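Asks: Have a peek at final.cif (mmCIF, C-alpha atoms).
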data_my_file
#
loop_
_atom_site.label_atom_id
_atom_site.label_comp_id
_atom_site.auth_asym_id
_atom_site.auth_seq_id
_atom_site.Cartn_x
_atom_site.Cartn_y
_atom_site.Cartn_z
CA MET N 1 20.81 -19.68 -12.60
CA SER N 2 21.61 -21.67 -9.50
CA ASP N 3 19.26 -23.78 -7.43
CA PHE N 4 16.32 -22.47 -5.48
CA ASP N 5 13.84 -23.91 -3.01
CA GLN N 6 10.74 -21.95 -3.86
CA GLU N 7 9.57 -19.79 -6.75
CA LEU N 8 7.37 -16.71 -6.83
CA ASP N 9 5.95 -15.46 -10.10
CA ALA N 10 5.13 -11.78 -9.61
CA SER N 11 4.82 -11.10 -13.34
CA GLY N 12 2.33 -8.37 -14.18
CA LEU N 13 2.23 -7.11 -10.59
CA ASN N 14 3.12 -3.55 -9.77
CA CYS N 15 4.64 -1.82 -6.73
CA PRO N 16 4.43 -2.78 -3.90
CA LEU N 17 2.96 -6.22 -4.68
CA PRO N 18 6.18 -8.04 -5.73
CA ILE N 19 7.81 -7.03 -2.44
CA LEU N 20 4.76 -7.93 -0.35
CA ARG N 21 4.38 -11.31 -2.06
CA ALA N 22 8.09 -12.01 -1.64
CA LYS N 23 7.89 -11.18 2.03
CA LYS N 24 4.98 -13.61 2.36
CA SER N 25 6.85 -16.38 0.54
CA LEU N 26 9.97 -15.87 2.63
CA ALA N 27 7.89 -16.07 5.80
CA SER N 28 6.94 -19.65 4.92
CA MET N 29 10.55 -20.68 4.23
CA ASP N 30 13.42 -21.76 6.45
CA SER N 31 16.53 -19.75 7.10
CA GLY N 32 19.13 -20.35 4.37
CA GLN N 33 16.58 -21.40 1.76
CA VAL N 34 16.53 -19.60 -1.56
CA LEU N 35 13.54 -17.92 -3.18
CA ARG N 36 13.47 -17.25 -6.89
CA ILE N 37 11.36 -14.27 -7.87
CA ILE N 38 10.15 -13.44 -11.36
CA ALA N 39 8.91 -9.87 -11.89
CA THR N 40 8.08 -7.59 -14.79
CA ASP N 41 7.97 -4.32 -12.84
CA PRO N 42 11.16 -2.42 -13.71
CA GLY N 43 10.97 -0.68 -10.33
CA SER N 44 11.37 -4.05 -8.62
CA VAL N 45 15.12 -4.10 -9.38
CA LYS N 46 15.90 -1.23 -7.04
CA ASP N 47 13.15 -2.28 -4.65
CA PHE N 48 14.51 -5.79 -4.13
CA GLU N 49 17.98 -4.38 -3.52
CA ALA N 50 16.51 -2.07 -0.89
CA PHE N 51 14.40 -4.87 0.55
CA ALA N 52 17.46 -7.09 0.93
CA LYS N 53 19.48 -4.33 2.55
CA GLN N 54 16.79 -3.55 5.09
CA THR N 55 15.63 -7.04 5.97
CA GLY N 56 18.98 -8.83 5.99
CA ASN N 57 17.84 -11.37 3.39
CA GLU N 58 20.63 -11.76 0.87
CA LEU N 59 20.10 -10.91 -2.78
CA LEU N 60 22.31 -13.55 -4.39
CA GLU N 61 21.66 -12.65 -7.97
CA HIS N 62 19.49 -10.55 -10.21
CA ARG N 63 19.33 -10.34 -13.95
CA GLU N 64 17.09 -9.45 -16.82
CA GLU N 65 15.95 -12.06 -19.26
CA GLY N 66 13.48 -11.46 -22.08
CA GLY N 67 11.82 -8.47 -20.42
CA LYS N 68 11.59 -10.26 -17.08
CA PHE N 69 13.57 -9.63 -13.96
CA LEU N 70 14.84 -12.66 -12.09
CA PHE N 71 16.01 -12.54 -8.50
CA LEU N 72 17.50 -15.10 -6.16
CA MET N 73 17.11 -14.26 -2.51
CA ARG N 74 18.39 -16.25 0.43
CA LYS N 75 16.37 -16.05 3.61
CA SER N 76 18.37 -14.75 6.56
CA MET T 1 17.65 -5.68 13.58
CA SER T 2 15.96 -3.20 15.88
CA GLU T 3 12.39 -2.46 14.94
CA LYS T 4 11.83 0.91 13.35
CA LYS T 5 8.53 2.73 13.63
CA LEU T 6 6.44 4.48 10.98
CA ALA T 7 3.53 6.72 11.91
CA ILE T 8 1.11 7.99 9.25
CA ILE T 9 -1.83 10.37 9.41
CA ALA T 10 -4.28 9.62 6.59
CA THR T 11 -6.62 12.53 5.92
CA LYS T 12 -7.87 11.99 2.38
CA GLY T 13 -10.81 9.92 1.21
CA THR T 14 -10.45 9.64 -2.55
CA LEU T 15 -9.44 6.58 -4.57
CA ASP T 16 -6.10 8.04 -5.66
CA TRP T 17 -5.14 9.27 -2.21
CA ALA T 18 -6.07 5.98 -0.60
CA TYR T 19 -2.94 4.47 -2.10
CA PRO T 20 -0.04 6.31 -0.43
CA PRO T 21 -0.94 5.40 3.17
CA PHE T 22 -1.71 1.75 2.40
CA ILE T 23 1.28 1.25 0.07
CA LEU T 24 3.71 2.80 2.54
CA ALA T 25 2.20 1.06 5.56
CA SER T 26 2.19 -2.41 3.97
CA THR T 27 5.69 -2.01 2.53
CA ALA T 28 7.13 -0.70 5.78
CA ALA T 29 5.58 -3.64 7.60
CA ALA T 30 7.22 -5.99 5.08
CA LEU T 31 10.53 -4.32 5.82
CA GLY T 32 10.08 -4.99 9.50
CA TYR T 33 8.71 -1.66 10.66
CA GLN T 34 6.10 -1.39 13.33
CA VAL T 35 3.37 0.76 11.74
CA GLN T 36 0.44 2.82 12.95
CA VAL T 37 -1.93 4.77 10.74
CA PHE T 38 -4.22 7.38 12.23
CA PHE T 39 -7.28 8.01 10.03
CA THR T 40 -8.93 11.37 10.44
CA PHE T 41 -11.53 13.44 8.61
CA TYR T 42 -12.01 12.12 5.04
CA GLY T 43 -9.37 9.48 5.66
CA LEU T 44 -12.02 7.60 7.64
CA GLN T 45 -13.56 6.57 4.31
CA LEU T 46 -10.60 4.24 3.88
CA LEU T 47 -11.72 2.21 6.88
CA LYS T 48 -15.28 1.58 5.70
CA LYS T 49 -16.24 -2.08 5.33
CA LYS T 50 -17.15 -1.39 1.71
CA PRO T 51 -15.16 1.68 0.73
CA ASP T 52 -16.86 3.55 -2.10
CA LEU T 53 -13.90 5.64 -3.16
CA LYS T 54 -14.00 7.94 -6.16
CA VAL T 55 -11.53 9.96 -8.13
CA THR T 56 -12.15 13.37 -9.67
CA SER T 57 -10.27 15.65 -12.00
CA LEU T 58 -12.05 18.70 -10.56
CA GLY T 59 -9.61 20.92 -8.74
CA ASN T 60 -6.83 18.63 -9.93
CA PRO T 61 -5.34 19.92 -13.19
CA GLY T 62 -2.47 17.47 -12.78
CA MET T 63 -4.64 14.44 -13.46
CA PRO T 64 -3.77 12.88 -16.82
CA MET T 65 -6.86 12.80 -19.05
CA PRO T 66 -7.39 10.57 -22.08
CA MET T 67 -8.40 13.72 -23.98
CA PRO T 68 -8.35 17.42 -23.15
CA MET T 69 -11.67 18.44 -21.62
CA PRO T 70 -13.00 21.81 -20.39
CA VAL T 71 -13.52 21.95 -16.62
CA LEU T 72 -17.25 22.62 -16.99
CA LEU T 73 -17.64 19.38 -18.93
CA GLN T 74 -15.72 17.52 -16.24
CA ALA T 75 -18.34 18.70 -13.75
CA LEU T 76 -21.28 17.10 -15.59
CA PRO T 77 -23.29 14.41 -13.77
CA GLY T 78 -21.82 10.96 -14.30
CA MET T 79 -18.33 12.22 -15.08
CA GLN T 80 -16.95 11.33 -11.65
CA GLY T 81 -18.34 7.82 -11.92
CA MET T 82 -16.85 7.44 -15.36
CA MET T 83 -13.42 8.69 -14.30
CA THR T 84 -13.46 6.38 -11.29
CA HIS T 85 -14.36 3.45 -13.51
CA MET T 86 -11.60 4.30 -15.98
CA MET T 87 -9.04 4.70 -13.20
CA LYS T 88 -9.95 1.32 -11.70
CA GLN T 89 -9.71 -0.36 -15.11
CA LYS T 90 -6.32 1.21 -15.70
CA MET T 91 -5.03 0.11 -12.31
CA LYS T 92 -6.21 -3.42 -12.93
CA SER T 93 -4.53 -3.58 -16.33
CA LYS T 94 -1.26 -2.33 -14.85
CA GLY T 95 -1.23 -4.85 -12.02
CA VAL T 96 -1.80 -2.26 -9.32
CA ALA T 97 -3.43 -3.74 -6.24
CA SER T 98 -6.92 -2.67 -5.21
CA VAL T 99 -7.30 -0.53 -2.10
CA GLU T 100 -9.09 -3.39 -0.34
CA GLU T 101 -6.27 -5.77 -1.21
CA LEU T 102 -3.60 -3.44 0.17
CA ARG T 103 -5.66 -2.80 3.28
CA GLU T 104 -5.97 -6.54 3.87
CA MET T 105 -2.21 -6.89 3.58
CA CYS T 106 -1.80 -4.13 6.13
CA GLN T 107 -4.11 -5.99 8.48
CA GLU T 108 -2.26 -9.27 7.93
CA ALA T 109 1.01 -7.48 8.70
CA GLU T 110 -0.49 -6.13 11.92
CA VAL T 111 -0.46 -2.50 10.91
CA LYS T 112 -2.39 -0.77 13.66
CA MET T 113 -5.22 1.37 12.32
CA ILE T 114 -6.69 4.05 14.52
CA ALA T 115 -9.85 5.96 13.67
CA CYS T 116 -10.21 9.49 14.95
CA GLN T 117 -13.08 9.31 17.43
CA MET T 118 -13.80 13.01 17.09
CA THR T 119 -14.35 12.72 13.32
CA VAL T 120 -16.51 9.61 13.78
CA ASP T 121 -18.75 11.69 16.08
CA LEU T 122 -18.59 14.77 13.88
CA PHE T 123 -19.86 12.97 10.78
CA ASP T 124 -22.34 10.82 12.76
CA MET T 125 -20.61 7.66 11.62
CA SER T 126 -21.13 4.35 13.35
CA ARG T 127 -18.39 1.96 14.44
CA ASP T 128 -20.40 -0.71 12.62
CA ASP T 129 -19.45 1.01 9.34
CA PHE T 130 -15.79 0.21 9.82
CA ILE T 131 -13.73 -2.94 9.39
CA ASP T 132 -12.89 -5.06 12.41
CA GLY T 133 -9.69 -4.46 14.28
CA VAL T 134 -9.84 -0.69 14.08
CA GLU T 135 -9.04 1.12 17.31
CA TYR T 136 -10.52 4.47 18.26
CA GLY T 137 -8.63 7.34 19.76
CA GLY T 138 -7.62 10.96 19.60
CA ALA T 139 -4.60 13.14 19.05
CA ALA T 140 -2.94 12.05 22.27
CA THR T 141 -3.25 8.42 21.20
CA PHE T 142 -1.47 9.27 17.97
CA PHE T 143 1.38 11.04 19.70
CA GLU T 144 1.99 8.13 22.03
CA PHE T 145 3.29 6.17 19.04
CA ALA T 146 4.33 9.02 16.74
CA GLY T 147 6.54 10.55 19.41
CA GLU T 148 8.73 7.47 19.30
CA SER T 149 8.56 6.95 15.55
CA ASP T 150 11.49 7.10 13.14
CA ILE T 151 9.31 8.34 10.28
CA CYS T 152 6.14 10.36 10.57
CA LEU T 153 4.01 11.27 7.54
CA PHE T 154 0.96 13.42 7.00
CA ILE T 155 -0.98 12.31 3.94
#
Would you write the structure of this file as structure tokens?

Replies:
Amino acid sequence: MSDFDQELDASGLNCPLPILRAKKSLASMDSGQVLRIIATDPGSVKDFEAFAKQTGNELLEHREEGGKFLFLMRKS
Amino acid sequence: MSEKKLAIIATKGTLDWAYPPFILASTAAALGYQVQVFFTFYGLQLLKKKPDLKVTSLGNPGMPMPMPMPVLLQALPGMQGMMTHMMKQKMKSKGVASVEELREMCQEAEVKMIACQMTVDLFDMSRDDFIDGVEYGGAATFFEFAGESDICLFI
């Protein structure tokens, strides 16, 4: 997985917490910086896609690894 | 991106039904929506400083139970407290936020919360019972925002 500027571990959290925490993290970052998000909620896969689409933040990558979902999101 | 608007009417005051308005309001705010929630009748319980919300299986055959139980047993004293306790434990173990936590996030995201003044009067409630930042108004107040909203929900 490529580089990131900040990491958010949302493991164990359920809807809508991963999205809300990610929003909070992104708010403290600069435009163009990349946030790495770790989640265990299977619903977060579709939710982060929808979040990216609606907020303009770019979902660079998402994959599953050992029961965890990893996302890279670039702040718009 | 132009700001969309979500208007919600929250009318229910049980632990389970406290979730939809706060989940949708906080998520919409995170997506960039401007959000207003109008709390009326039992929904006002969700604005109490210390909300004492309960869940009950009575009148709700859809509620999953750990074991099948006749309705008359479900009505015994203490059952509601027990079910509420079990529900809270389950939510905690599944990483579901508490109602207070979600409400705080709504406040942080500047979700506007309006309490129905008529219901406050009707139930002899005091404004001191409610969290700070709540505004008070009536149906016309709701329509001022709802009339321009993109999504309007009655919960």

Asks: Based on only C-alpha atoms, which of the residues in chain T come within 7 Å of chain N? I want them as a PyMOL selection string.

Replies: chain T and resi 23+27+30-32+94-96

Asks: Taking C-alpha atoms for each residue, export the selection above as a CSV table (one decimal), in the coordinates of the input.

Replies:
chain,number,residue,atom,x,y,z
T,23,ILE,CA,1.3,1.2,0.1
T,27,THR,CA,5.7,-2.0,2.5
T,30,ALA,CA,7.2,-6.0,5.1
T,31,LEU,CA,10.5,-4.3,5.8
T,32,GLY,CA,10.1,-5.0,9.5
T,94,LYS,CA,-1.3,-2.3,-14.8
T,95,GLY,CA,-1.2,-4.8,-12.0
T,96,VAL,CA,-1.8,-2.3,-9.3

Asks: Tell me which residues the PyMOL selection byres ((chain N and resi 60-73) around 7) grabs here, as a ChimeraX atom specification.

Replies: /N:34-40,57-59,74-75

Asks: Atom CA of T:Glu148 to atom CA of T:Ile114: how many Å, to one decimal?

Replies: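 These atoms are spaced 16.5 Å apart.
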
Asks: Quick one: distance from atom CA of T:Phe41 to atom CA of T:Asp128 in Å, one decimal?

Replies: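 Separation between atom CA of T:Phe41 and atom CA of T:Asp128: 17.2 Å.
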
Asks: Taking the file as I've supplied it (selection: the PyMOL selection byres ((chain T and resi 35) around 10)), which residues are included? Please answer as a PyMOL selection string.

Replies: chain T and resi 4-8+24-29+32-34+36-37+106+109-113+145-146+149+151

Asks: Restricting it to C-alpha atoms, dump the selection as an mmCIF file, keeping the file's coordinate frame.

Replies:
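Writing the result to part35.cif gives the following:
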data_model
loop_
_atom_site.group_PDB
_atom_site.id
_atom_site.type_symbol
_atom_site.label_atom_id
_atom_site.label_comp_id
_atom_site.auth_asym_id
_atom_site.auth_seq_id
_atom_site.Cartn_x
_atom_site.Cartn_y
_atom_site.Cartn_z
ATOM 1 C CA LYS T 4 11.830 0.910 13.350
ATOM 2 C CA LYS T 5 8.530 2.730 13.630
ATOM 3 C CA LEU T 6 6.440 4.480 10.980
ATOM 4 C CA ALA T 7 3.530 6.720 11.910
ATOM 5 C CA ILE T 8 1.110 7.990 9.250
ATOM 6 C CA LEU T 24 3.710 2.800 2.540
ATOM 7 C CA ALA T 25 2.200 1.060 5.560
ATOM 8 C CA SER T 26 2.190 -2.410 3.970
ATOM 9 C CA THR T 27 5.690 -2.010 2.530
ATOM 10 C CA ALA T 28 7.130 -0.700 5.780
ATOM 11 C CA ALA T 29 5.580 -3.640 7.600
ATOM 12 C CA GLY T 32 10.080 -4.990 9.500
ATOM 13 C CA TYR T 33 8.710 -1.660 10.660
ATOM 14 C CA GLN T 34 6.100 -1.390 13.330
ATOM 15 C CA GLN T 36 0.440 2.820 12.950
ATOM 16 C CA VAL T 37 -1.930 4.770 10.740
ATOM 17 C CA CYS T 106 -1.800 -4.130 6.130
ATOM 18 C CA ALA T 109 1.010 -7.480 8.700
ATOM 19 C CA GLU T 110 -0.490 -6.130 11.920
ATOM 20 C CA VAL T 111 -0.460 -2.500 10.910
ATOM 21 C CA LYS T 112 -2.390 -0.770 13.660
ATOM 22 C CA MET T 113 -5.220 1.370 12.320
ATOM 23 C CA PHE T 145 3.290 6.170 19.040
ATOM 24 C CA ALA T 146 4.330 9.020 16.740
ATOM 25 C CA SER T 149 8.560 6.950 15.550
ATOM 26 C CA ILE T 151 9.310 8.340 10.280
#

Asks: Take atom CA of T:Phe143 and atom CA of T:Pro20 and report the distance between them in Å, one decimal.

Replies: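 These two atoms are separated by 20.7 Å.
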
Asks: Mind telling me what the PyMOL selection byres ((chain T and resi 138) around 12) catches here, as a ChimeraX atom specification?

Replies: /T:9,38-41,114-121,135-137,139-145

Asks: Out of T:Met69, T:Asp150, T:Ser57, T:Ala18, which residue has the shortest atom-to-atom distance to T:Glu3 when counting only C-alpha atoms?

Replies: T:Asp150
